[in-house]
Amino acid sequence: MATIHIAVAGAGPVERSTIDELLDDWLGIDANGNPTTDEEVALVIPAAAEHVTPAVKAVYNWSGNVDPEIPYTAVVAQTLDRASKVIRDNAESAVAARDEDVYTVLGRTLAERDGDRYLLVAGDEGDDELSDLVGYALDEDITVLDLRDALKQITPPEAEEAGEESDESDAAEDSPEGAEPEADEEPCKGGTQTLVPLPEQPSAAEPEETLEGDVAAAHREITVAEPVGMGDVVDVLEAVVKHLRLVDESNAVANLAEVRYRPITALAMKGLEKAKLTAVRGAEPINAAPDGDPAPEAEKPAKGSSGRVRKEWLNPKTNEWEPLRGRPRKNVEIREVAA
């Protein structure tokens, strides 16, 4: 059975959810993370400071959600940060590289594989190192796909120029004598790419949507709308808190870091608890008792406890428990402790 070998590189911005959908659709992974085809997949991933980019993290995290997990080879450099150490420690195999030769070794490692070979790139303007890697891959007959443009194939510039010249000559032969050439049409979007495009920037008339903007808009709607019951307020706040926590937890997973809630998330959680208490008391002020006596203080969790838990794994080399980030090594002991 032939194996599909895939490497990933590039520092251009990407959306993790978009990459998950693209890879699932391309490689036949269903909603439960189970492959629907018999094709085997293997990855080549850089493990080096400044090379573990958002695209690399997204592909790495996606591979861990497939059942069984997709094996990968790590190209390990001399300088490592926390994320690259996680990738190194969970790799099935590793290839050493100097800091300045990470992409060179990554490209050579992929070129030496048998079977279908693909290089996924998330390009950024002025990334000469990535451009050299793409050129090398094309010379080695490796298919290069653009992560930032729906996995469209990147072709050599000379191939596209030859195709354009052929189209122009064919058009000249087909046009009748004396006919005036038609004005050039505006180029359509799509097709093969020779340069990795930057994301479209929002215009001044259409400001970029942000989470803070959505919250502000919702607040304005509430202030001008008809009065609502406390039950409706609690429902709205529960939805807001759920969304904010999901964003923070997704960012932590993408960055291979421990979950830390932003101030806006903590504030929303606190507001939700107050709204629930107010609803239970029949919309009475929560800072005063019915008879004017000070209200009893709400029960607080035990000092030093946040009510949350985190996972740790037992490092067999040091025989010490360490925080679990990303994918743990297989066949290791995992426990839950108070966060």
# chains A, B, ... in the order shown; residues from 1 in each chain; ligands from 1

call {"tool": "residues_around", "arguments": {"residues": "Leu237 in chain A", "least_positions_apart": "6", "cutoff": "9 Å", "atoms": "only C-alpha atoms", "output": "JSON, numbers by chain"}}
result
{"A": [268, 269, 271, 272, 275]}

call {"tool": "atom_distance", "arguments": {"atom1": "CA of Gly107 in chain A", "atom2": "CA of Asp139 in chain A"}}
result
10.9 Å

call {"tool": "atom_distance", "arguments": {"atom1": "CA of Asn90 in chain A", "atom2": "CA of Thr73 in chain A"}}
result
9.4 Å

call {"tool": "residues_around", "arguments": {"residues": "Leu130 in chain A", "least_positions_apart": "6", "cutoff": "9 Å", "atoms": "only C-alpha atoms", "output": "ChimeraX atom specification"}}
result
/A:9-11,103,121,123-124

call {"tool": "closest_residue", "arguments": {"among": "A:Val52, A:Leu277, A:Leu23, A:Ala91", "to": "Ala150 in chain A", "atoms": "only C-alpha atoms"}}
result
A:Leu23
